[in-house]
Amino acid sequence: MQFGITEKLLLLKVRTKKDTEAFAALYDMYAEKIFRFVRFKIDSREEAEDITSEVFLKVWNFLLEHQETGVRTFSGLVYKIARNSVIDFYRERARRRECRLDEDMQVGAEDKNYRRIEADQELQTLLEKIKQLKQEYQEVILLKYVDELSIAEIAEILGKSSVGVRVTLHRAGKKLQELLEIK
């Protein structure tokens, strides 16, 4: 509850006084979450970092240029802009028809901890299965279980009703369970 009040006060300071320190506090609250959200969808760490930076620049500009537009929650705004930025990234990439080598193929041979390797393999398998789901299912799973957002926040981000998000989340869970059982 305190986090929501703090967020709203900081948002008010940004919108009314163009307070850069308040925006920096909001950035600190959400930068890691937004990076994780973008990184899940973008293979390159550097590109995900760039997109995350662009997201916060777009949020700052939106807050200052659209004073008349109501913003219910900062989290809803920042995730919506992040989601749209990822979509724009893939549109631009398709237009340019770029190919790049996957840097994540490099495996650290120095890691001798068997349990960690096993956990990493399980996580990698889970991520591969999640990426096999349709985009809508991937997003609700990521927002709910990785970013730990509420159903109401996810509904705002996706522009759906809370019931619609619950249904989508349930269907995504069932589909993911099916994929994990097939192996």
# chains A, B, ... in the order shown; residues from 1 in each chain; ligands from 1
$ residues_around --residues "region 137-140 of chain A" --least-positions-apart "3" --cutoff "6 Å" --atoms "only C-alpha atoms" --output "PyMOL selection string"
chain A and resi 134+143-144+169+172
$ write_last_selection --atoms "C-alpha atoms" --output "compact mmCIF listing (two decimals), in the first residue's frame"
# COMPACT_ATOMS: atom_id res chain seq x y z
CA LYS A 134 1.39 -17.30 -28.25
CA LEU A 143 3.71 -9.87 -15.94
CA LYS A 144 2.06 -12.05 -13.29
CA LEU A 169 -3.76 -16.41 -17.45
CA ALA A 172 -1.79 -19.78 -20.59
$ residues_around --residues "Glu128 (chain A)" --least-positions-apart "5" --cutoff "12 Å" --atoms "only C-alpha atoms" --output "list in words"
Phe40, Lys41, Gln121, Glu122, Leu123, Leu133, Gln138, Leu176, Leu179, Leu180 and Lys183 of chain A
$ closest_residue --among "A:Ile42, A:Ala48, A:Leu64, A:Leu57" --to "Arg15 (chain A)" --atoms "only C-alpha atoms"
A:Leu64
$ select_by_dssp --residues "region 7-129 of chain A" --states "helix (DSSP H, G or I)" --output "ChimeraX atom specification"
/A:7-17,20-41,45-65,74-96,103-105,114-129
